[in-house]
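*Asks:* File data.cif below, mmCIF, C-alpha atoms:
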```
data_target
#
loop_
_atom_site.label_atom_id
_atom_site.label_comp_id
_atom_site.auth_asym_id
_atom_site.auth_seq_id
_atom_site.Cartn_x
_atom_site.Cartn_y
_atom_site.Cartn_z
CA MET A 1 -87.55 -42.45 11.37
CA ILE A 2 -86.24 -39.00 12.28
CA PRO A 3 -87.48 -35.82 10.57
CA ALA A 4 -85.16 -33.22 9.15
CA GLY A 5 -84.39 -30.21 11.34
CA PHE A 6 -86.96 -27.43 11.61
CA ASP A 7 -87.74 -24.30 13.63
CA TYR A 8 -90.70 -24.45 16.01
CA HIS A 9 -93.12 -21.60 16.71
CA ALA A 10 -96.07 -21.60 19.11
CA PRO A 11 -98.05 -18.35 18.66
CA ARG A 12 -100.68 -17.38 21.22
CA SER A 13 -103.04 -15.52 18.88
CA VAL A 14 -104.47 -15.86 15.38
CA ALA A 15 -102.88 -12.55 14.41
CA ASP A 16 -99.44 -13.79 15.48
CA ALA A 17 -99.94 -17.05 13.58
CA VAL A 18 -100.94 -15.19 10.41
CA GLN A 19 -97.91 -12.90 10.77
CA LEU A 20 -95.58 -15.87 11.19
CA LEU A 21 -97.08 -17.66 8.21
CA GLY A 22 -96.51 -14.59 6.06
CA SER A 23 -92.98 -13.88 7.25
CA LEU A 24 -91.75 -17.48 7.10
CA GLY A 25 -93.16 -18.06 3.65
CA PRO A 26 -93.89 -21.35 1.84
CA ASP A 27 -91.23 -23.24 3.82
CA ALA A 28 -93.46 -23.07 6.93
CA LYS A 29 -96.28 -25.49 7.71
CA LEU A 30 -99.20 -25.19 10.11
CA LEU A 31 -99.42 -27.88 12.79
CA ALA A 32 -102.87 -28.87 14.04
CA GLY A 33 -103.26 -32.44 15.36
CA GLY A 34 -100.24 -33.58 13.35
CA HIS A 35 -101.59 -36.97 12.29
CA SER A 36 -100.93 -36.32 8.61
CA LEU A 37 -97.97 -33.94 8.68
CA LEU A 38 -95.74 -35.59 11.29
CA PRO A 39 -95.66 -39.05 9.66
CA MET A 40 -94.78 -37.37 6.35
CA MET A 41 -91.95 -35.52 8.09
CA LYS A 42 -90.65 -38.70 9.71
CA LEU A 43 -90.50 -40.33 6.28
CA ARG A 44 -88.94 -37.12 4.90
CA PHE A 45 -91.67 -36.85 2.29
CA ALA A 46 -92.22 -33.40 3.83
CA THR A 47 -89.30 -31.27 5.05
CA PRO A 48 -90.67 -27.92 6.23
CA GLY A 49 -88.15 -25.47 7.59
CA ALA A 50 -90.58 -24.30 10.28
CA LEU A 51 -93.70 -25.51 12.08
CA ILE A 52 -96.33 -23.10 13.39
CA ASP A 53 -98.17 -24.91 16.18
CA LEU A 54 -101.78 -23.68 16.47
CA GLY A 55 -102.47 -25.63 19.65
CA ARG A 56 -101.88 -22.73 22.06
CA ILE A 57 -104.34 -20.29 20.50
CA PRO A 58 -107.49 -20.23 22.67
CA ASP A 59 -109.59 -18.48 20.01
CA LEU A 60 -109.27 -21.55 17.78
CA LYS A 61 -111.07 -23.79 20.29
CA GLY A 62 -114.66 -24.08 21.40
CA ILE A 63 -118.20 -24.88 20.29
CA ARG A 64 -121.07 -22.41 20.58
CA GLN A 65 -124.38 -21.49 19.02
CA ALA A 66 -124.82 -18.09 17.35
CA GLY A 67 -128.39 -17.64 16.15
CA ASP A 68 -129.22 -20.51 13.82
CA GLU A 69 -125.57 -21.56 13.41
CA ILE A 70 -123.21 -23.78 15.36
CA ARG A 71 -119.70 -22.30 15.34
CA ILE A 72 -116.74 -24.57 15.96
CA GLY A 73 -113.14 -23.49 16.43
CA ALA A 74 -110.85 -25.16 13.93
CA MET A 75 -108.59 -26.62 16.66
CA THR A 76 -111.49 -28.35 18.41
CA THR A 77 -110.64 -32.04 18.73
CA GLU A 78 -112.77 -34.98 17.67
CA HIS A 79 -113.10 -35.94 21.35
CA GLU A 80 -114.43 -32.49 22.17
CA LEU A 81 -117.01 -32.81 19.39
CA LEU A 82 -118.13 -36.14 20.83
CA ASP A 83 -118.21 -34.72 24.37
CA SER A 84 -120.38 -31.75 23.37
CA SER A 85 -124.07 -31.87 24.31
CA LEU A 86 -124.67 -29.03 21.84
CA ILE A 87 -123.28 -31.10 18.95
CA ALA A 88 -125.22 -34.17 20.06
CA ASP A 89 -128.46 -32.16 20.22
CA LYS A 90 -128.13 -29.87 17.20
CA LEU A 91 -125.74 -31.72 14.84
CA PRO A 92 -126.09 -35.45 15.48
CA LEU A 93 -124.75 -36.21 11.99
CA LEU A 94 -121.44 -34.58 12.96
CA ALA A 95 -121.33 -36.55 16.20
CA GLU A 96 -122.02 -39.82 14.38
CA GLY A 97 -119.27 -39.07 11.86
CA ALA A 98 -116.69 -38.02 14.48
CA ALA A 99 -117.29 -41.25 16.41
CA GLN A 100 -116.14 -43.23 13.37
CA ILE A 101 -112.86 -41.38 12.87
CA ALA A 102 -109.81 -43.52 13.65
CA ASP A 103 -109.62 -44.54 17.33
CA PRO A 104 -109.81 -42.82 20.75
CA GLN A 105 -106.10 -41.97 20.84
CA VAL A 106 -106.33 -40.19 17.50
CA ARG A 107 -109.61 -38.47 18.44
CA TYR A 108 -108.00 -36.91 21.54
CA ARG A 109 -105.43 -35.11 19.36
CA GLY A 110 -106.94 -34.90 15.89
CA THR A 111 -108.80 -31.67 15.07
CA ILE A 112 -111.76 -30.90 12.86
CA GLY A 113 -109.84 -28.10 11.14
CA GLY A 114 -106.81 -30.24 10.41
CA ASP A 115 -109.02 -32.95 8.91
CA ILE A 116 -110.72 -30.40 6.64
CA CYS A 117 -107.60 -28.49 5.58
CA HIS A 118 -105.67 -31.60 4.58
CA GLY A 119 -108.04 -31.91 1.62
CA ASP A 120 -107.94 -35.71 1.61
CA PRO A 121 -111.13 -37.16 0.06
CA ALA A 122 -110.67 -40.20 2.33
CA ASN A 123 -111.02 -38.03 5.46
CA ASP A 124 -114.46 -38.04 7.02
CA HIS A 125 -115.13 -34.38 7.80
CA PRO A 126 -115.12 -33.04 4.21
CA ALA A 127 -118.18 -35.07 3.17
CA LEU A 128 -119.86 -34.33 6.50
CA MET A 129 -119.30 -30.61 5.88
CA LEU A 130 -120.86 -30.88 2.41
CA ALA A 131 -123.91 -32.69 3.74
CA LEU A 132 -124.29 -30.14 6.55
CA ASP A 133 -123.94 -27.12 4.20
CA ALA A 134 -121.05 -25.79 6.29
CA SER A 135 -118.99 -22.67 5.70
CA PHE A 136 -115.36 -22.05 6.64
CA VAL A 137 -113.84 -18.87 8.03
CA LEU A 138 -110.38 -18.28 6.56
CA THR A 139 -108.15 -15.66 8.19
CA GLY A 140 -105.17 -14.08 6.45
CA PRO A 141 -103.27 -10.80 6.25
CA LYS A 142 -106.28 -9.13 4.55
CA GLY A 143 -108.70 -10.25 7.27
CA GLU A 144 -111.45 -12.86 7.25
CA ARG A 145 -113.42 -14.39 4.42
CA VAL A 146 -116.13 -17.04 4.52
CA VAL A 147 -116.10 -19.87 1.98
CA LYS A 148 -118.81 -22.49 1.49
CA ALA A 149 -117.78 -26.11 1.91
CA ASP A 150 -119.40 -26.87 -1.45
CA GLY A 151 -116.61 -25.68 -3.76
CA TYR A 152 -113.87 -25.48 -1.10
CA PHE A 153 -112.32 -28.83 -2.07
CA VAL A 154 -110.86 -28.43 -5.55
CA GLY A 155 -108.57 -31.44 -6.00
CA LEU A 156 -106.60 -34.13 -4.23
CA TYR A 157 -105.11 -32.38 -1.15
CA GLU A 158 -106.15 -29.05 -2.68
CA THR A 159 -108.54 -26.48 -1.21
CA ARG A 160 -109.47 -22.86 -1.83
CA ALA A 161 -107.47 -21.68 1.19
CA ALA A 162 -104.64 -19.37 0.15
CA PRO A 163 -101.08 -20.21 1.32
CA ASP A 164 -101.15 -17.29 3.79
CA GLU A 165 -104.57 -18.12 5.26
CA ILE A 166 -105.56 -20.16 8.33
CA LEU A 167 -108.88 -21.95 8.79
CA THR A 168 -110.12 -20.48 12.06
CA GLN A 169 -113.77 -21.50 12.37
CA ILE A 170 -116.42 -23.82 10.95
CA ARG A 171 -120.01 -22.55 10.74
CA ILE A 172 -122.86 -25.01 10.33
CA PRO A 173 -126.56 -24.12 10.05
CA VAL A 174 -128.74 -25.98 12.52
CA PRO A 175 -130.90 -28.48 10.58
CA ALA A 176 -134.66 -28.12 10.85
CA ALA A 177 -136.42 -29.99 13.63
CA GLY A 178 -137.26 -33.54 12.63
CA THR A 179 -134.37 -33.89 10.18
CA GLY A 180 -133.01 -37.42 9.89
CA TRP A 181 -129.31 -38.12 9.59
CA SER A 182 -126.79 -40.87 8.97
CA TYR A 183 -123.09 -41.34 8.32
CA THR A 184 -122.62 -44.86 7.01
CA LYS A 185 -119.04 -46.02 6.55
CA LEU A 186 -117.40 -49.15 5.20
CA LYS A 187 -113.88 -49.77 6.50
CA ARG A 188 -111.67 -52.81 6.82
CA LYS A 189 -110.88 -52.40 10.52
CA THR A 190 -111.10 -49.95 13.39
CA GLY A 191 -108.96 -46.92 12.70
CA ASP A 192 -108.89 -47.35 8.93
CA PHE A 193 -109.94 -44.83 6.33
CA ALA A 194 -113.24 -45.52 4.58
CA THR A 195 -113.39 -47.79 1.58
CA ALA A 196 -116.48 -45.66 0.94
CA ALA A 197 -118.88 -43.69 3.13
CA ALA A 198 -122.01 -41.59 2.74
CA ALA A 199 -123.34 -38.68 4.79
CA VAL A 200 -127.08 -37.94 4.54
CA LEU A 201 -129.44 -35.31 5.95
CA LEU A 202 -133.12 -35.93 5.18
CA GLN A 203 -136.31 -33.94 5.73
CA MET A 204 -139.66 -35.60 5.05
CA LYS A 205 -143.07 -34.08 4.32
CA GLY A 206 -145.53 -36.80 5.03
CA SER A 207 -144.41 -39.81 3.01
CA THR A 208 -142.31 -37.85 0.51
CA VAL A 209 -138.84 -36.35 0.60
CA ALA A 210 -138.95 -32.62 1.25
CA ARG A 211 -135.19 -32.09 1.15
CA VAL A 212 -132.15 -34.33 1.13
CA SER A 213 -128.40 -33.81 1.19
CA ILE A 214 -126.02 -36.62 0.16
CA ALA A 215 -122.22 -36.48 0.22
CA LEU A 216 -119.61 -39.19 -0.30
CA THR A 217 -116.23 -39.97 1.25
CA ASN A 218 -113.41 -41.54 -0.81
CA ALA A 219 -115.45 -41.77 -3.99
CA GLY A 220 -113.43 -39.34 -6.11
CA PRO A 221 -110.49 -36.91 -6.07
CA THR A 222 -112.55 -34.67 -3.76
CA PRO A 223 -115.49 -35.35 -1.46
CA LEU A 224 -118.59 -35.54 -3.64
CA LYS A 225 -121.94 -33.78 -3.31
CA CYS A 226 -124.55 -35.87 -5.10
CA ASN A 227 -126.68 -33.06 -6.53
CA GLN A 228 -128.43 -35.15 -9.19
CA ALA A 229 -129.53 -37.80 -6.71
CA GLU A 230 -130.72 -35.08 -4.31
CA GLY A 231 -132.76 -33.39 -7.03
CA TYR A 232 -134.26 -36.67 -8.16
CA LEU A 233 -135.45 -37.66 -4.67
CA ALA A 234 -137.08 -34.33 -3.84
CA GLY A 235 -140.87 -34.73 -3.81
CA LYS A 236 -140.77 -38.51 -4.15
CA PRO A 237 -141.50 -41.28 -1.65
CA LEU A 238 -138.43 -43.13 -0.45
CA ASP A 239 -139.43 -46.52 -1.82
CA ASP A 240 -137.56 -49.31 -3.57
CA ALA A 241 -137.84 -47.72 -7.01
CA SER A 242 -136.70 -44.24 -5.97
CA LEU A 243 -133.89 -45.69 -3.85
CA ALA A 244 -132.64 -47.74 -6.79
CA GLU A 245 -132.58 -44.70 -9.09
CA ALA A 246 -130.92 -42.55 -6.42
CA VAL A 247 -128.21 -45.16 -5.98
CA ARG A 248 -127.71 -45.26 -9.75
CA LEU A 249 -127.23 -41.49 -9.79
CA VAL A 250 -124.87 -41.65 -6.81
CA THR A 251 -122.65 -44.26 -8.44
CA ALA A 252 -122.67 -42.34 -11.73
CA ALA A 253 -121.05 -39.41 -9.90
CA CYS A 254 -118.20 -41.53 -8.51
CA SER A 255 -114.66 -41.66 -9.83
CA PRO A 256 -112.62 -43.28 -7.05
CA GLY A 257 -108.94 -44.02 -7.26
CA VAL A 258 -107.55 -47.53 -6.98
CA CYS A 259 -105.91 -48.43 -3.67
CA LEU A 260 -105.49 -51.35 -1.28
CA ARG A 261 -109.12 -50.92 -0.23
CA GLY A 262 -110.39 -51.94 -3.66
CA ASP A 263 -110.53 -51.22 -7.35
CA ALA A 264 -112.68 -48.47 -8.84
CA ASP A 265 -115.68 -50.69 -9.61
CA TYR A 266 -115.79 -52.13 -6.10
CA LYS A 267 -115.43 -48.75 -4.39
CA THR A 268 -118.10 -47.25 -6.66
CA ALA A 269 -120.51 -50.06 -5.83
CA MET A 270 -119.81 -49.66 -2.12
CA ALA A 271 -120.38 -45.90 -2.32
CA GLY A 272 -123.82 -46.63 -3.75
CA GLU A 273 -124.55 -49.19 -1.06
CA MET A 274 -123.42 -46.83 1.71
CA ALA A 275 -125.70 -44.13 0.27
CA ARG A 276 -128.63 -46.55 0.19
CA ARG A 277 -128.08 -47.59 3.81
CA ALA A 278 -127.58 -43.99 4.93
CA LEU A 279 -130.82 -42.88 3.26
CA LEU A 280 -132.78 -45.66 4.95
CA SER A 281 -131.17 -44.93 8.31
CA ALA A 282 -131.87 -41.20 7.98
CA ARG A 283 -135.50 -42.00 7.01
CA SER A 284 -135.92 -44.05 10.20
CA ARG A 285 -134.80 -41.02 12.24
CA ALA A 286 -136.73 -38.33 10.34
CA LYS A 287 -140.00 -36.92 11.62
CA ALA A 288 -142.43 -35.62 9.03
#
```
Represent the structure from my file as structure tokens, please.

*Replies:*
Amino acid sequence: MIPAGFDYHAPRSVADAVQLLGSLGPDAKLLAGGHSLLPMMKLRFATPGALIDLGRIPDLKGIRQAGDEIRIGAMTTEHELLDSSLIADKLPLLAEGAAQIADPQVRYRGTIGGDICHGDPANDHPALMLALDASFVLTGPKGERVVKADGYFVGLYETRAAPDEILTQIRIPVPAAGTGWSYTKLKRKTGDFATAAAAVLLQMKGSTVARVSIALTNAGPTPLKCNQAEGYLAGKPLDDASLAEAVRLVTAACSPGVCLRGDADYKTAMAGEMARRALLSARSRAKA
């Protein structure tokens, strides 16, 4: 398969990339890792007239702590997330999720920002970002704005980023000490998208849940934040009865599409099961 012809641009700064995006208009596409865009171009499902490669902009790379936040450049690769001692120490949920994305070859090229901006509910980072209460820095011709992950994903392949904006940074608050975590994923084989997956952060106070965050992958047209299940569990022990009700509330929130990975009923049931397993795993790691 050979893509249609296109112009190639490799800006060296965010400002230059924003200027190019504005001047080239809707016929231009941003290139991050390329794992979604390039196959579409080879099949000629996408025929952009220009590509703006973000890979040579140093300000879009890197992982650092700023106060109580971890700040990650949007062009940071999955491999770099996994290689980061700061991520392993402060955001183990993100490390556990990144380790389950595709395979090593993909993780060396695929970027966290590309995964988020694609807006695919089957991608892993969107649900991880919801569970982690992340925010996204979007840069455009009018400057920067910060958008919460909760509300950023508005539909299938749709986000709140404007056509002339670039995701430049991800900001994630450092969870409280003792927080448990888990990203539990069902997939058919290594490298596959999730049939269903659940991301959980859990804080305990003695034997009861102090705070919990639950988000689902591939359980609806967008990644899902399970607010009702979270509210129900707060202040309760994590026992068989509360787990069963939480799973019921999780599955009630699901509206997955039908695909080769299963019909809607199966994927809904698996989303509930992944949430149950993730809650138990996070409880085993939490310190009251």

*Asks:* In Å to one decimal, how far is atom CA of Val212 of chain A from atom CA of Leu128 of chain A?

*Replies:*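 According to the coordinates, atom CA of Leu128 of chain A and atom CA of Val212 of chain A are separated by 13.4 Å.
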
*Asks:* Written as a ChimeraX atom specification, which residues does the PyMOL selection byres ((chain A and resi 7) around 8) give for the file shown?

*Replies:* /A:5-6,8-9,49-51

*Asks:* By how many Å are atom CA of Pro58 of chain A and atom CA of Ile101 of chain A apart?

*Replies:*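 A separation of 23.9 Å between them.
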
*Asks:* Could you list the residues chosen by the PyMOL selection byres ((chain A and resi 194) around 9) in this structure as a CSV table (one decimal) with C-alpha atoms, in the coordinates of the input?

*Replies:*
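File produced: result_9.csv:
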```
chain,number,residue,atom,x,y,z
A,122,ALA,CA,-110.7,-40.2,2.3
A,123,ASN,CA,-111.0,-38.0,5.5
A,124,ASP,CA,-114.5,-38.0,7.0
A,185,LYS,CA,-119.0,-46.0,6.6
A,186,LEU,CA,-117.4,-49.2,5.2
A,187,LYS,CA,-113.9,-49.8,6.5
A,188,ARG,CA,-111.7,-52.8,6.8
A,192,ASP,CA,-108.9,-47.4,8.9
A,193,PHE,CA,-109.9,-44.8,6.3
A,195,THR,CA,-113.4,-47.8,1.6
A,196,ALA,CA,-116.5,-45.7,0.9
A,197,ALA,CA,-118.9,-43.7,3.1
A,217,THR,CA,-116.2,-40.0,1.2
A,218,ASN,CA,-113.4,-41.5,-0.8
A,261,ARG,CA,-109.1,-50.9,-0.2
```

*Asks:* Just checking: using only C-alpha atoms, which residue out of A:Asp164, A:Asp265, A:Asp240, A:Asp133 ends up closest to Leu93 of chain A?

*Replies:*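 The shortest atom-to-atom distance to Leu93 of chain A comes from A:Asp133.
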
*Asks:* So what does the PyMOL selection byres ((chain A and resi 181) around 8) actually pick up in this one, as a short mmCIF file (atom, residue, chain, number, x, y, z; two decimals) with C-alpha atoms, in the frame of the given file?

*Replies:*
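This is the output file selection18.cif:
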```cif
data_model
loop_
_atom_site.label_atom_id
_atom_site.label_comp_id
_atom_site.auth_asym_id
_atom_site.auth_seq_id
_atom_site.Cartn_x
_atom_site.Cartn_y
_atom_site.Cartn_z
CA PRO A 92 -126.09 -35.45 15.48
CA LEU A 93 -124.75 -36.21 11.99
CA THR A 179 -134.37 -33.89 10.18
CA GLY A 180 -133.01 -37.42 9.89
CA SER A 182 -126.79 -40.87 8.97
CA TYR A 183 -123.09 -41.34 8.32
CA ALA A 199 -123.34 -38.68 4.79
CA VAL A 200 -127.08 -37.94 4.54
CA LEU A 201 -129.44 -35.31 5.95
CA LEU A 202 -133.12 -35.93 5.18
CA ALA A 278 -127.58 -43.99 4.93
CA SER A 281 -131.17 -44.93 8.31
CA ALA A 282 -131.87 -41.20 7.98
CA ARG A 283 -135.50 -42.00 7.01
CA ARG A 285 -134.80 -41.02 12.24
CA ALA A 286 -136.73 -38.33 10.34
#
```

*Asks:* Which of these residues is nearest to Val18 of chain A, using all atoms listed in the file: A:Pro163, A:Gly113, A:Gly155, A:Gly33?

*Replies:*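 Checking each candidate against Val18 of chain A, we get A:Pro163 as the closest.
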
*Asks:* Please return as a ChimeraX atom specification every residue within 12 Å of (-113.1, -31.4, 4.8), taking into account only C-alpha atoms and the file's own coordinates.

*Replies:* /A:74,111-136,148-161,167,170,215-218,222-224

*Asks:* Could you write out the selected residues, including C-alpha atoms, as a CSV table (one decimal), keeping the file's coordinate frame?

*Replies:*
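See out_13.csv below for the written result:
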```csv
chain,number,residue,atom,x,y,z
A,74,ALA,CA,-110.8,-25.2,13.9
A,111,THR,CA,-108.8,-31.7,15.1
A,112,ILE,CA,-111.8,-30.9,12.9
A,113,GLY,CA,-109.8,-28.1,11.1
A,114,GLY,CA,-106.8,-30.2,10.4
A,115,ASP,CA,-109.0,-33.0,8.9
A,116,ILE,CA,-110.7,-30.4,6.6
A,117,CYS,CA,-107.6,-28.5,5.6
A,118,HIS,CA,-105.7,-31.6,4.6
A,119,GLY,CA,-108.0,-31.9,1.6
A,120,ASP,CA,-107.9,-35.7,1.6
A,121,PRO,CA,-111.1,-37.2,0.1
A,122,ALA,CA,-110.7,-40.2,2.3
A,123,ASN,CA,-111.0,-38.0,5.5
A,124,ASP,CA,-114.5,-38.0,7.0
A,125,HIS,CA,-115.1,-34.4,7.8
A,126,PRO,CA,-115.1,-33.0,4.2
A,127,ALA,CA,-118.2,-35.1,3.2
A,128,LEU,CA,-119.9,-34.3,6.5
A,129,MET,CA,-119.3,-30.6,5.9
A,130,LEU,CA,-120.9,-30.9,2.4
A,131,ALA,CA,-123.9,-32.7,3.7
A,132,LEU,CA,-124.3,-30.1,6.6
A,133,ASP,CA,-123.9,-27.1,4.2
A,134,ALA,CA,-121.0,-25.8,6.3
A,135,SER,CA,-119.0,-22.7,5.7
A,136,PHE,CA,-115.4,-22.0,6.6
A,148,LYS,CA,-118.8,-22.5,1.5
A,149,ALA,CA,-117.8,-26.1,1.9
A,150,ASP,CA,-119.4,-26.9,-1.4
A,151,GLY,CA,-116.6,-25.7,-3.8
A,152,TYR,CA,-113.9,-25.5,-1.1
A,153,PHE,CA,-112.3,-28.8,-2.1
A,154,VAL,CA,-110.9,-28.4,-5.6
A,155,GLY,CA,-108.6,-31.4,-6.0
A,156,LEU,CA,-106.6,-34.1,-4.2
A,157,TYR,CA,-105.1,-32.4,-1.2
A,158,GLU,CA,-106.2,-29.0,-2.7
A,159,THR,CA,-108.5,-26.5,-1.2
A,160,ARG,CA,-109.5,-22.9,-1.8
A,161,ALA,CA,-107.5,-21.7,1.2
A,167,LEU,CA,-108.9,-22.0,8.8
A,170,ILE,CA,-116.4,-23.8,11.0
A,215,ALA,CA,-122.2,-36.5,0.2
A,216,LEU,CA,-119.6,-39.2,-0.3
A,217,THR,CA,-116.2,-40.0,1.2
A,218,ASN,CA,-113.4,-41.5,-0.8
A,222,THR,CA,-112.6,-34.7,-3.8
A,223,PRO,CA,-115.5,-35.4,-1.5
A,224,LEU,CA,-118.6,-35.5,-3.6
```
